[in-house]
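Q: To be precise about what I am sending: the file is called data23.pdb and holds PDB, C-alpha atoms, pLDDT in the B column.
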```
MODEL        1
ATOM      1  CA  MET F  18       4.525 -19.197 -29.053  1.00 64.00           C
ATOM      2  CA  ASN F  19       5.235 -18.974 -32.754  1.00 68.00           C
ATOM      3  CA  LYS F  20       8.181 -20.986 -34.076  1.00 80.00           C
ATOM      4  CA  GLU F  21       9.388 -18.067 -36.141  1.00 89.00           C
ATOM      5  CA  PRO F  22       9.837 -14.583 -34.654  1.00 92.00           C
ATOM      6  CA  LEU F  23       7.175 -12.034 -35.445  1.00 93.00           C
ATOM      7  CA  TYR F  24       9.733  -9.294 -34.914  1.00 93.00           C
ATOM      8  CA  GLN F  25      13.487  -9.479 -35.158  1.00 93.00           C
ATOM      9  CA  GLY F  26      16.500  -7.356 -35.982  1.00 88.00           C
ATOM     10  CA  GLU F  27      15.689  -3.708 -36.588  1.00 90.00           C
ATOM     11  CA  LYS F  28      11.940  -4.395 -36.301  1.00 92.00           C
ATOM     12  CA  ILE F  29      12.387  -5.009 -32.567  1.00 92.00           C
ATOM     13  CA  LYS F  30      12.691  -1.235 -32.274  1.00 91.00           C
ATOM     14  CA  ASP F  31       8.982  -1.079 -33.115  1.00 89.00           C
ATOM     15  CA  LEU F  32       8.269  -2.815 -29.784  1.00 89.00           C
ATOM     16  CA  ILE F  33      10.760  -1.398 -27.296  1.00 89.00           C
ATOM     17  CA  PRO F  34      12.261   2.050 -26.804  1.00 86.00           C
ATOM     18  CA  GLN F  35      15.771   0.803 -26.026  1.00 86.00           C
ATOM     19  CA  ARG F  36      18.512   1.238 -28.613  1.00 91.00           C
ATOM     20  CA  GLU F  37      22.003  -0.192 -29.057  1.00 90.00           C
ATOM     21  CA  PRO F  38      23.998  -1.014 -27.046  1.00 92.00           C
ATOM     22  CA  MET F  39      21.173  -1.509 -24.509  1.00 91.00           C
ATOM     23  CA  MET F  40      18.971  -3.771 -26.627  1.00 95.00           C
ATOM     24  CA  MET F  41      18.746  -7.093 -24.791  1.00 97.00           C
ATOM     25  CA  ILE F  42      16.229  -8.837 -27.020  1.00 97.00           C
ATOM     26  CA  ASP F  43      16.686  -9.547 -30.713  1.00 96.00           C
ATOM     27  CA  SER F  44      13.497 -11.469 -31.472  1.00 97.00           C
ATOM     28  CA  TYR F  45       9.884 -11.463 -30.338  1.00 96.00           C
ATOM     29  CA  TYR F  46       7.695 -14.501 -30.877  1.00 95.00           C
ATOM     30  CA  GLY F  47       4.304 -13.173 -29.789  1.00 87.00           C
ATOM     31  CA  GLY F  48       2.024 -15.010 -27.401  1.00 80.00           C
ATOM     32  CA  ASN F  49      -1.543 -14.638 -26.295  1.00 79.00           C
ATOM     33  CA  GLY F  50      -3.044 -11.703 -24.403  1.00 83.00           C
ATOM     34  CA  ASN F  51      -1.399 -12.688 -21.127  1.00 92.00           C
ATOM     35  CA  GLU F  52       1.859 -14.109 -22.386  1.00 95.00           C
ATOM     36  CA  GLY F  53       4.805 -13.035 -24.459  1.00 95.00           C
ATOM     37  CA  VAL F  54       8.078 -14.636 -25.566  1.00 97.00           C
ATOM     38  CA  ALA F  55      11.329 -12.969 -26.600  1.00 97.00           C
ATOM     39  CA  GLY F  56      14.833 -14.167 -27.328  1.00 97.00           C
ATOM     40  CA  LEU F  57      18.426 -12.999 -27.404  1.00 97.00           C
ATOM     41  CA  THR F  58      21.437 -14.636 -28.973  1.00 97.00           C
ATOM     42  CA  ILE F  59      24.352 -13.549 -26.828  1.00 97.00           C
ATOM     43  CA  LYS F  60      27.223 -11.896 -28.633  1.00 96.00           C
ATOM     44  CA  ASP F  61      30.668 -11.278 -27.206  1.00 94.00           C
ATOM     45  CA  ASN F  62      30.290  -7.511 -27.620  1.00 95.00           C
ATOM     46  CA  ASN F  63      27.214  -7.414 -25.360  1.00 97.00           C
ATOM     47  CA  ILE F  64      27.870  -4.761 -22.725  1.00 96.00           C
ATOM     48  CA  PHE F  65      26.740  -7.126 -19.950  1.00 97.00           C
ATOM     49  CA  CYS F  66      29.129  -9.887 -21.037  1.00 97.00           C
ATOM     50  CA  GLU F  67      32.306 -10.700 -19.194  1.00 95.00           C
ATOM     51  CA  ASN F  68      34.505 -13.767 -19.484  1.00 96.00           C
ATOM     52  CA  GLY F  69      32.285 -15.148 -22.209  1.00 97.00           C
ATOM     53  CA  MET F  70      29.077 -15.063 -20.166  1.00 98.00           C
ATOM     54  CA  LEU F  71      26.058 -12.777 -19.889  1.00 98.00           C
ATOM     55  CA  HIS F  72      25.975 -11.600 -16.292  1.00 97.00           C
ATOM     56  CA  GLU F  73      23.046 -11.042 -13.931  1.00 96.00           C
ATOM     57  CA  PRO F  74      22.261  -7.425 -14.888  1.00 96.00           C
ATOM     58  CA  GLY F  75      22.040  -8.471 -18.522  1.00 97.00           C
ATOM     59  CA  ILE F  76      19.630 -11.294 -17.711  1.00 97.00           C
ATOM     60  CA  VAL F  77      17.394  -8.986 -15.671  1.00 96.00           C
ATOM     61  CA  GLU F  78      17.496  -6.348 -18.413  1.00 95.00           C
ATOM     62  CA  HIS F  79      16.611  -9.037 -20.966  1.00 97.00           C
ATOM     63  CA  VAL F  80      13.608 -10.050 -18.836  1.00 97.00           C
ATOM     64  CA  ALA F  81      12.535  -6.408 -18.462  1.00 94.00           C
ATOM     65  CA  GLN F  82      12.791  -5.844 -22.213  1.00 95.00           C
ATOM     66  CA  THR F  83      10.775  -9.000 -22.851  1.00 96.00           C
ATOM     67  CA  ALA F  84       8.084  -7.496 -20.624  1.00 93.00           C
ATOM     68  CA  ALA F  85       8.401  -4.183 -22.466  1.00 91.00           C
ATOM     69  CA  ALA F  86       8.108  -5.946 -25.828  1.00 92.00           C
ATOM     70  CA  PHE F  87       5.019  -7.768 -24.563  1.00 92.00           C
ATOM     71  CA  ASN F  88       3.476  -4.392 -23.729  1.00 88.00           C
ATOM     72  CA  GLY F  89       4.678  -2.901 -27.013  1.00 88.00           C
ATOM     73  CA  TYR F  90       3.270  -5.776 -29.056  1.00 89.00           C
ATOM     74  CA  ASN F  91      -0.107  -5.572 -27.319  1.00 85.00           C
ATOM     75  CA  ASN F  92      -0.175  -1.802 -27.858  1.00 81.00           C
ATOM     76  CA  ARG F  93       0.567  -2.337 -31.551  1.00 81.00           C
ATOM     77  CA  ILE F  94      -2.077  -4.961 -32.180  1.00 80.00           C
ATOM     78  CA  SER F  95      -4.666  -2.938 -30.280  1.00 77.00           C
ATOM     79  CA  ALA F  96      -3.387   0.288 -31.913  1.00 67.00           C
ATOM     80  CA  GLN F  97      -3.432   1.987 -28.509  1.00 59.00           C
ATOM     81  CA  ASN F  98      -1.517   5.221 -28.131  1.00 57.00           C
ATOM     82  CA  GLY F  99      -0.568   5.189 -31.790  1.00 62.00           C
ATOM     83  CA  GLY F 100       1.111   1.835 -31.316  1.00 65.00           C
ATOM     84  CA  GLU F 101       4.385   3.432 -30.334  1.00 71.00           C
ATOM     85  CA  PRO F 102       6.501   1.691 -27.677  1.00 71.00           C
ATOM     86  CA  HIS F 103       6.482   3.330 -24.261  1.00 74.00           C
ATOM     87  CA  ILE F 104       9.327   3.897 -21.904  1.00 78.00           C
ATOM     88  CA  GLY F 105       9.043   1.471 -19.022  1.00 79.00           C
ATOM     89  CA  TYR F 106      10.669   1.393 -15.638  1.00 85.00           C
ATOM     90  CA  ILE F 107      11.430  -1.683 -13.572  1.00 88.00           C
ATOM     91  CA  GLY F 108       9.334  -1.322 -10.418  1.00 88.00           C
ATOM     92  CA  ASP F 109      10.930  -4.241  -8.679  1.00 90.00           C
ATOM     93  CA  VAL F 110      12.277  -7.723  -9.242  1.00 93.00           C
ATOM     94  CA  LYS F 111      11.353 -10.392  -6.689  1.00 93.00           C
ATOM     95  CA  ASN F 112      12.122 -14.049  -6.143  1.00 94.00           C
ATOM     96  CA  CYS F 113      14.901 -13.902  -8.729  1.00 96.00           C
ATOM     97  CA  ILE F 114      16.721 -17.193  -9.132  1.00 97.00           C
ATOM     98  CA  ILE F 115      19.570 -17.478 -11.623  1.00 97.00           C
ATOM     99  CA  ASN F 116      20.693 -21.064 -12.003  1.00 98.00           C
ATOM    100  CA  ARG F 117      23.568 -20.311 -14.342  1.00 97.00           C
ATOM    101  CA  LEU F 118      24.906 -17.575 -16.575  1.00 98.00           C
ATOM    102  CA  PRO F 119      24.395 -18.156 -20.298  1.00 98.00           C
ATOM    103  CA  ASN F 120      27.428 -18.277 -22.555  1.00 98.00           C
ATOM    104  CA  VAL F 121      28.276 -16.234 -25.610  1.00 98.00           C
ATOM    105  CA  GLY F 122      26.706 -17.944 -28.593  1.00 98.00           C
ATOM    106  CA  GLU F 123      23.764 -19.345 -26.653  1.00 98.00           C
ATOM    107  CA  THR F 124      20.221 -18.135 -27.254  1.00 98.00           C
ATOM    108  CA  ILE F 125      18.108 -17.320 -24.229  1.00 98.00           C
ATOM    109  CA  ILE F 126      14.326 -17.375 -24.552  1.00 98.00           C
ATOM    110  CA  THR F 127      12.158 -15.694 -21.928  1.00 98.00           C
ATOM    111  CA  HIS F 128       8.503 -16.449 -21.410  1.00 97.00           C
ATOM    112  CA  ILE F 129       6.559 -13.677 -19.648  1.00 96.00           C
ATOM    113  CA  THR F 130       3.160 -14.281 -18.030  1.00 97.00           C
ATOM    114  CA  LEU F 131       1.058 -11.342 -16.891  1.00 95.00           C
ATOM    115  CA  ILE F 132      -0.321 -11.942 -13.387  1.00 95.00           C
ATOM    116  CA  THR F 133      -2.267  -8.720 -13.189  1.00 94.00           C
ATOM    117  CA  ARG F 134      -2.188  -5.122 -14.287  1.00 91.00           C
ATOM    118  CA  VAL F 135      -3.361  -2.073 -12.373  1.00 90.00           C
ATOM    119  CA  LEU F 136      -3.515   0.997 -14.569  1.00 83.00           C
ATOM    120  CA  ASN F 137       0.000   1.263 -16.021  1.00 85.00           C
ATOM    121  CA  VAL F 138       1.764  -1.133 -13.672  1.00 91.00           C
ATOM    122  CA  GLY F 139       2.063  -4.754 -14.751  1.00 93.00           C
ATOM    123  CA  LEU F 140       3.062  -7.634 -12.478  1.00 95.00           C
ATOM    124  CA  MET F 141       4.561 -10.555 -14.388  1.00 96.00           C
ATOM    125  CA  THR F 142       6.409 -13.809 -13.884  1.00 97.00           C
ATOM    126  CA  ALA F 143       9.321 -14.680 -16.140  1.00 98.00           C
ATOM    127  CA  GLU F 144      11.086 -17.910 -17.026  1.00 98.00           C
ATOM    128  CA  THR F 145      14.297 -17.823 -19.043  1.00 98.00           C
ATOM    129  CA  LYS F 146      15.561 -20.909 -20.836  1.00 98.00           C
ATOM    130  CA  VAL F 147      18.453 -22.077 -22.981  1.00 98.00           C
ATOM    131  CA  ASN F 148      16.850 -24.808 -25.062  1.00 96.00           C
ATOM    132  CA  ASP F 149      14.866 -26.744 -22.421  1.00 95.00           C
ATOM    133  CA  GLU F 150      17.056 -25.743 -19.485  1.00 98.00           C
ATOM    134  CA  VAL F 151      15.586 -23.149 -17.134  1.00 98.00           C
ATOM    135  CA  ILE F 152      18.439 -20.795 -16.289  1.00 98.00           C
ATOM    136  CA  ALA F 153      16.476 -18.042 -14.500  1.00 98.00           C
ATOM    137  CA  THR F 154      13.085 -17.238 -13.009  1.00 98.00           C
ATOM    138  CA  CYS F 155      11.729 -14.109 -11.375  1.00 97.00           C
ATOM    139  CA  GLN F 156       8.737 -11.908 -10.774  1.00 96.00           C
ATOM    140  CA  ILE F 157       8.984  -8.438 -12.274  1.00 96.00           C
ATOM    141  CA  LYS F 158       6.908  -5.314 -11.934  1.00 94.00           C
ATOM    142  CA  LEU F 159       7.017  -2.910 -14.852  1.00 91.00           C
ATOM    143  CA  PHE F 160       5.768   0.658 -14.779  1.00 88.00           C
ATOM    144  CA  GLU F 161       4.816   1.878 -18.240  1.00 81.00           C
ATOM    145  CA  LYS F 162       5.066   5.610 -18.893  1.00 78.00           C
ATOM    146  CA  THR F 163       2.156   6.458 -21.129  1.00 74.00           C
ATOM    147  CA  ASP F 164       2.378  10.233 -21.557  1.00 68.00           C
TER     148      ASP F 164
ATOM    149  CA  MET P  17     -17.841 -18.520   2.408  1.00 81.00           C
ATOM    150  CA  ASP P  18     -19.779 -16.142   4.627  1.00 90.00           C
ATOM    151  CA  LYS P  19     -18.859 -12.502   5.132  1.00 91.00           C
ATOM    152  CA  ASN P  20     -16.994 -13.095   8.396  1.00 92.00           C
ATOM    153  CA  GLU P  21     -14.846 -15.795   6.830  1.00 94.00           C
ATOM    154  CA  LEU P  22     -14.182 -13.534   3.873  1.00 96.00           C
ATOM    155  CA  ILE P  23     -13.082 -10.680   6.150  1.00 96.00           C
ATOM    156  CA  LYS P  24     -10.838 -12.985   8.142  1.00 96.00           C
ATOM    157  CA  LYS P  25      -9.220 -14.345   4.988  1.00 96.00           C
ATOM    158  CA  VAL P  26      -8.653 -10.865   3.532  1.00 97.00           C
ATOM    159  CA  ASN P  27      -7.203  -9.477   6.746  1.00 97.00           C
ATOM    160  CA  SER P  28      -4.928 -12.442   7.318  1.00 96.00           C
ATOM    161  CA  ALA P  29      -3.541 -12.371   3.768  1.00 96.00           C
ATOM    162  CA  LEU P  30      -2.997  -8.607   3.739  1.00 97.00           C
ATOM    163  CA  ALA P  31      -1.441  -8.518   7.213  1.00 97.00           C
ATOM    164  CA  GLU P  32       1.055 -11.186   6.264  1.00 96.00           C
ATOM    165  CA  GLU P  33       1.946  -9.719   2.858  1.00 94.00           C
ATOM    166  CA  PHE P  34       2.278  -6.110   3.999  1.00 95.00           C
ATOM    167  CA  GLU P  35       3.568  -6.830   7.502  1.00 95.00           C
ATOM    168  CA  VAL P  36       0.908  -4.951   9.461  1.00 96.00           C
ATOM    169  CA  GLU P  37      -1.108  -5.956  12.512  1.00 95.00           C
ATOM    170  CA  GLU P  38      -4.474  -7.498  11.718  1.00 94.00           C
ATOM    171  CA  SER P  39      -5.957  -5.243  14.391  1.00 94.00           C
ATOM    172  CA  ASP P  40      -5.033  -2.220  12.230  1.00 95.00           C
ATOM    173  CA  ILE P  41      -7.248  -3.530   9.431  1.00 96.00           C
ATOM    174  CA  THR P  42     -10.743  -2.283  10.179  1.00 96.00           C
ATOM    175  CA  PRO P  43     -13.686  -1.681   7.829  1.00 96.00           C
ATOM    176  CA  GLU P  44     -13.337   2.098   8.133  1.00 97.00           C
ATOM    177  CA  ALA P  45      -9.546   2.223   7.705  1.00 97.00           C
ATOM    178  CA  ASN P  46      -8.028   3.616   4.526  1.00 97.00           C
ATOM    179  CA  ILE P  47      -6.320   0.819   2.592  1.00 97.00           C
ATOM    180  CA  LYS P  48      -3.444   2.800   1.120  1.00 96.00           C
ATOM    181  CA  GLN P  49      -2.542   4.440   4.407  1.00 96.00           C
ATOM    182  CA  THR P  50      -2.861   1.298   6.501  1.00 97.00           C
ATOM    183  CA  LEU P  51      -0.816  -0.865   4.149  1.00 97.00           C
ATOM    184  CA  SER P  52       1.532   1.989   3.098  1.00 96.00           C
ATOM    185  CA  LEU P  53       0.718   1.365  -0.549  1.00 94.00           C
ATOM    186  CA  ASP P  54       2.094   3.353  -3.453  1.00 91.00           C
ATOM    187  CA  SER P  55       1.204   2.935  -7.115  1.00 84.00           C
ATOM    188  CA  LEU P  56       3.701   0.081  -7.472  1.00 87.00           C
ATOM    189  CA  SER P  57       2.753  -1.889  -4.355  1.00 90.00           C
ATOM    190  CA  LEU P  58      -0.949  -1.442  -5.081  1.00 93.00           C
ATOM    191  CA  VAL P  59      -0.560  -4.051  -7.809  1.00 94.00           C
ATOM    192  CA  ASP P  60       0.719  -6.525  -5.195  1.00 94.00           C
ATOM    193  CA  MET P  61      -2.489  -6.094  -3.207  1.00 95.00           C
ATOM    194  CA  VAL P  62      -4.601  -6.606  -6.320  1.00 95.00           C
ATOM    195  CA  ALA P  63      -2.637  -9.742  -7.267  1.00 94.00           C
ATOM    196  CA  LEU P  64      -3.066 -11.111  -3.740  1.00 95.00           C
ATOM    197  CA  ILE P  65      -6.837 -10.580  -3.729  1.00 96.00           C
ATOM    198  CA  GLU P  66      -7.222 -11.956  -7.255  1.00 95.00           C
ATOM    199  CA  GLU P  67      -5.240 -15.083  -6.378  1.00 94.00           C
ATOM    200  CA  ASN P  68      -7.016 -15.709  -3.079  1.00 94.00           C
ATOM    201  CA  PHE P  69     -10.539 -15.195  -4.367  1.00 95.00           C
ATOM    202  CA  GLY P  70     -10.281 -16.098  -8.063  1.00 94.00           C
ATOM    203  CA  ILE P  71     -11.573 -12.739  -9.254  1.00 95.00           C
ATOM    204  CA  LYS P  72     -10.274  -9.972 -11.536  1.00 93.00           C
ATOM    205  CA  ILE P  73     -10.083  -6.346 -10.425  1.00 94.00           C
ATOM    206  CA  THR P  74      -9.739  -3.591 -12.999  1.00 92.00           C
ATOM    207  CA  GLY P  75      -7.805  -0.380 -12.502  1.00 89.00           C
ATOM    208  CA  GLN P  76     -11.047   1.587 -12.476  1.00 91.00           C
ATOM    209  CA  GLU P  77     -12.519  -0.681  -9.810  1.00 94.00           C
ATOM    210  CA  VAL P  78      -9.499  -0.557  -7.532  1.00 93.00           C
ATOM    211  CA  ALA P  79      -9.453   3.240  -7.754  1.00 92.00           C
ATOM    212  CA  GLN P  80     -12.924   3.289  -6.173  1.00 94.00           C
ATOM    213  CA  ILE P  81     -12.065   0.934  -3.318  1.00 96.00           C
ATOM    214  CA  LEU P  82     -10.752   3.215  -0.595  1.00 96.00           C
ATOM    215  CA  THR P  83     -11.504   1.372   2.649  1.00 97.00           C
ATOM    216  CA  PHE P  84     -11.301  -2.243   3.771  1.00 97.00           C
ATOM    217  CA  GLY P  85     -15.067  -2.237   4.178  1.00 97.00           C
ATOM    218  CA  ALA P  86     -15.446  -1.341   0.519  1.00 97.00           C
ATOM    219  CA  LEU P  87     -12.952  -4.080  -0.361  1.00 97.00           C
ATOM    220  CA  TYR P  88     -14.909  -6.717   1.577  1.00 97.00           C
ATOM    221  CA  ASP P  89     -18.134  -5.640  -0.149  1.00 96.00           C
ATOM    222  CA  PHE P  90     -16.456  -5.684  -3.559  1.00 96.00           C
ATOM    223  CA  ILE P  91     -15.056  -9.196  -3.081  1.00 97.00           C
ATOM    224  CA  GLU P  92     -18.383 -10.453  -1.740  1.00 96.00           C
ATOM    225  CA  THR P  93     -20.219  -9.098  -4.784  1.00 95.00           C
ATOM    226  CA  LYS P  94     -17.644 -10.454  -7.241  1.00 92.00           C
ATOM    227  CA  THR P  95     -17.471 -13.917  -5.721  1.00 91.00           C
ATOM    228  CA  LYS P  96     -21.252 -14.206  -5.659  1.00 84.00           C
ATOM    229  CA  GLY P  97     -21.466 -13.069  -9.267  1.00 67.00           C
TER     230      GLY P  97
ENDMDL
END
```
Could you write out this structure as C-alpha cells?

A:
Amino acid sequence: MNKEPLYQGEKIKDLIPQREPMMMIDSYYGGNGNEGVAGLTIKDNNIFCENGMLHEPGIVEHVAQTAAAFNGYNNRISAQNGGEPHIGYIGDVKNCIINRLPNVGETIITHITLITRVLNVGLMTAETKVNDEVIATCQIKLFEKTD
Amino acid sequence: MDKNELIKKVNSALAEEFEVEESDITPEANIKQTLSLDSLSLVDMVALIEENFGIKITGQEVAQILTFGALYDFIETKTKG
C-alpha cells in the first residue's frame, strides 16, 4: 500500500461509478494485482451515519466500493474497456463480523484481497481498520457489469 | 495423490460446501445441475478447488468443465503440471 493516496477527492470518480451521496470511499491507495486499499473519513452528513457513527450498511457499502475501486484501478492501468469504471453488484457478503461502528471523524481503511475471479465475478476478503484496530472483516462477491 | 484419493477429496469438499449427497456426485453428472450452481456460486466452487489443490482455474477453463469427470481430469493434469 502506498502511504499517499493515488486517487482522492473528485478523482475517485475515475474508479467507481457511484456519486454523492452514495460515495463511501474518498481515497484509493493502490495495491498489487491481487490487493487494493481504500479509505473513508467519516463525516456527520454521511447518509449511513446515525448518532455519530457509521452504521453496518455504510461499512458494507464502503467494502463493496473498495472492491469496485480495486476493479476500476486494475481496468485503468490495463486500459481494459476504455478504463471506465463499471457498475458492480454485490453478489453476496459472507462471514461478516463487525467489531464496532466507527465514529464520525475517524478514517476507516479497507484492505481487499482477491481470492479468485471467474469471468466477471470476483470473490474477495476484506479487512477494515481504524488505525491498527480491525473493526470489520468479511468475504464479498462482486459481479461486474461489463457491457 | 492418486486419482481415487483426488476424487474422494473433490467429492467430499463439494458435498460439504454445497450440501449435496456425495452419492449424487458421479463422473458423468453435470456439475452445475448437481450443485445447483449459478454464475455467482460458480466462483465458490472455483475458490474451493483452487484452495484445496493449490491450482488456478481461469474463466475459460471452468467454462469447458461440464462434468465431475472432466473436473477430476482437469485437477489431475494441473496438479501434475

Q: What residues in chain F lie within 7 Å of chain P, counting all atoms listed in the file, written as number ranges by chain?

A: F: 108, 132-136, 138, 140

Q: Can you list what the PyMOL selection byres ((chain F and resi 88) around 12) grabs from this structure, as an MDAnalysis selection string?

A: chainID F and resid 31:34 45 47:55 81:87 89:98 100:105 129:131 134 137:141 159:163

Q: For a quick check of understanding, using all atoms listed in the file, which of P:Thr83, P:Asn68, P:Asn20, P:Thr93 has the smallest distance to P:Glu44?

A: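 Comparing P:Thr83, P:Asn68, P:Asn20, P:Thr93 against P:Glu44, the winner is P:Thr83.
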
Q: From the set F:Glu144, F:Ser44, F:Asn120, F:Lys158, which residue has the shortest atom-to-atom contact distance to F:Phe65, counting only C-alpha atoms?

A: F:Asn120

Q: Find the spatial neighbours of F:Glu37, counting only C-alpha atoms, within a cut-off of 10 Å - ignore same-chain residues fewer than 3 positions away - and output them as a list of chain:residue names.

A: F:Lys30, F:Met40, F:Met41, F:Asn63, F:Ile64

Q: Would you save stretch 29-46 of chain P from the block above with N, CA, C and O atoms, as a PDB file, in the first residue's frame?

A:
```
ATOM      1  N   ALA P  29     -15.293 -32.368  -0.436  1.00  0.00           N
ATOM      2  CA  ALA P  29     -15.292 -30.903  -0.289  1.00  0.00           C
ATOM      3  C   ALA P  29     -16.533 -30.281  -0.923  1.00  0.00           C
ATOM      4  O   ALA P  29     -17.175 -29.403  -0.329  1.00  0.00           O
ATOM      5  N   LEU P  30     -16.893 -30.753  -2.112  1.00  0.00           N
ATOM      6  CA  LEU P  30     -18.047 -30.174  -2.807  1.00  0.00           C
ATOM      7  C   LEU P  30     -19.355 -30.530  -2.094  1.00  0.00           C
ATOM      8  O   LEU P  30     -20.253 -29.689  -1.975  1.00  0.00           O
ATOM      9  N   ALA P  31     -19.457 -31.768  -1.623  1.00  0.00           N
ATOM     10  CA  ALA P  31     -20.681 -32.192  -0.939  1.00  0.00           C
ATOM     11  C   ALA P  31     -20.911 -31.358   0.317  1.00  0.00           C
ATOM     12  O   ALA P  31     -22.046 -30.954   0.611  1.00  0.00           O
ATOM     13  N   GLU P  32     -19.839 -31.105   1.034  1.00  0.00           N
ATOM     14  CA  GLU P  32     -19.972 -30.323   2.264  1.00  0.00           C
ATOM     15  C   GLU P  32     -20.318 -28.865   1.951  1.00  0.00           C
ATOM     16  O   GLU P  32     -21.226 -28.289   2.557  1.00  0.00           O
ATOM     17  N   GLU P  33     -19.614 -28.271   0.997  1.00  0.00           N
ATOM     18  CA  GLU P  33     -19.831 -26.853   0.690  1.00  0.00           C
ATOM     19  C   GLU P  33     -21.225 -26.595   0.104  1.00  0.00           C
ATOM     20  O   GLU P  33     -21.877 -25.619   0.440  1.00  0.00           O
ATOM     21  N   PHE P  34     -21.661 -27.487  -0.784  1.00  0.00           N
ATOM     22  CA  PHE P  34     -22.918 -27.227  -1.493  1.00  0.00           C
ATOM     23  C   PHE P  34     -24.083 -28.077  -0.978  1.00  0.00           C
ATOM     24  O   PHE P  34     -25.159 -28.069  -1.564  1.00  0.00           O
ATOM     25  N   GLU P  35     -23.829 -28.772   0.129  1.00  0.00           N
ATOM     26  CA  GLU P  35     -24.881 -29.502   0.835  1.00  0.00           C
ATOM     27  C   GLU P  35     -25.635 -30.464  -0.086  1.00  0.00           C
ATOM     28  O   GLU P  35     -26.861 -30.382  -0.218  1.00  0.00           O
ATOM     29  N   VAL P  36     -24.864 -31.316  -0.767  1.00  0.00           N
ATOM     30  CA  VAL P  36     -25.461 -32.383  -1.575  1.00  0.00           C
ATOM     31  C   VAL P  36     -24.898 -33.722  -1.088  1.00  0.00           C
ATOM     32  O   VAL P  36     -23.909 -33.761  -0.345  1.00  0.00           O
ATOM     33  N   GLU P  37     -25.552 -34.802  -1.483  1.00  0.00           N
ATOM     34  CA  GLU P  37     -25.066 -36.127  -1.117  1.00  0.00           C
ATOM     35  C   GLU P  37     -23.871 -36.480  -2.005  1.00  0.00           C
ATOM     36  O   GLU P  37     -23.904 -36.241  -3.222  1.00  0.00           O
ATOM     37  N   GLU P  38     -22.855 -37.063  -1.391  1.00  0.00           N
ATOM     38  CA  GLU P  38     -21.693 -37.481  -2.178  1.00  0.00           C
ATOM     39  C   GLU P  38     -22.091 -38.478  -3.265  1.00  0.00           C
ATOM     40  O   GLU P  38     -21.484 -38.508  -4.337  1.00  0.00           O
ATOM     41  N   SER P  39     -23.123 -39.261  -2.980  1.00  0.00           N
ATOM     42  CA  SER P  39     -23.555 -40.267  -3.967  1.00  0.00           C
ATOM     43  C   SER P  39     -24.125 -39.622  -5.230  1.00  0.00           C
ATOM     44  O   SER P  39     -24.206 -40.257  -6.279  1.00  0.00           O
ATOM     45  N   ASP P  40     -24.528 -38.350  -5.139  1.00  0.00           N
ATOM     46  CA  ASP P  40     -25.038 -37.642  -6.327  1.00  0.00           C
ATOM     47  C   ASP P  40     -23.897 -37.176  -7.237  1.00  0.00           C
ATOM     48  O   ASP P  40     -24.131 -36.767  -8.379  1.00  0.00           O
ATOM     49  N   ILE P  41     -22.685 -37.169  -6.699  1.00  0.00           N
ATOM     50  CA  ILE P  41     -21.542 -36.677  -7.470  1.00  0.00           C
ATOM     51  C   ILE P  41     -20.888 -37.863  -8.177  1.00  0.00           C
ATOM     52  O   ILE P  41     -20.152 -38.639  -7.564  1.00  0.00           O
ATOM     53  N   THR P  42     -21.192 -37.981  -9.440  1.00  0.00           N
ATOM     54  CA  THR P  42     -20.640 -39.080 -10.252  1.00  0.00           C
ATOM     55  C   THR P  42     -19.875 -38.475 -11.429  1.00  0.00           C
ATOM     56  O   THR P  42     -20.126 -37.314 -11.799  1.00  0.00           O
ATOM     57  N   PRO P  43     -18.972 -39.240 -12.031  1.00  0.00           N
ATOM     58  CA  PRO P  43     -18.169 -38.680 -13.131  1.00  0.00           C
ATOM     59  C   PRO P  43     -19.007 -38.138 -14.280  1.00  0.00           C
ATOM     60  O   PRO P  43     -18.638 -37.146 -14.912  1.00  0.00           O
ATOM     61  N   GLU P  44     -20.160 -38.752 -14.532  1.00  0.00           N
ATOM     62  CA  GLU P  44     -20.979 -38.333 -15.678  1.00  0.00           C
ATOM     63  C   GLU P  44     -21.899 -37.162 -15.335  1.00  0.00           C
ATOM     64  O   GLU P  44     -22.442 -36.527 -16.241  1.00  0.00           O
ATOM     65  N   ALA P  45     -22.106 -36.893 -14.051  1.00  0.00           N
ATOM     66  CA  ALA P  45     -23.100 -35.886 -13.659  1.00  0.00           C
ATOM     67  C   ALA P  45     -22.658 -34.475 -14.042  1.00  0.00           C
ATOM     68  O   ALA P  45     -21.474 -34.152 -13.996  1.00  0.00           O
ATOM     69  N   ASN P  46     -23.647 -33.669 -14.406  1.00  0.00           N
ATOM     70  CA  ASN P  46     -23.391 -32.267 -14.740  1.00  0.00           C
ATOM     71  C   ASN P  46     -23.136 -31.477 -13.453  1.00  0.00           C
ATOM     72  O   ASN P  46     -23.940 -31.535 -12.509  1.00  0.00           O
TER      73      ASN P  46
END
```
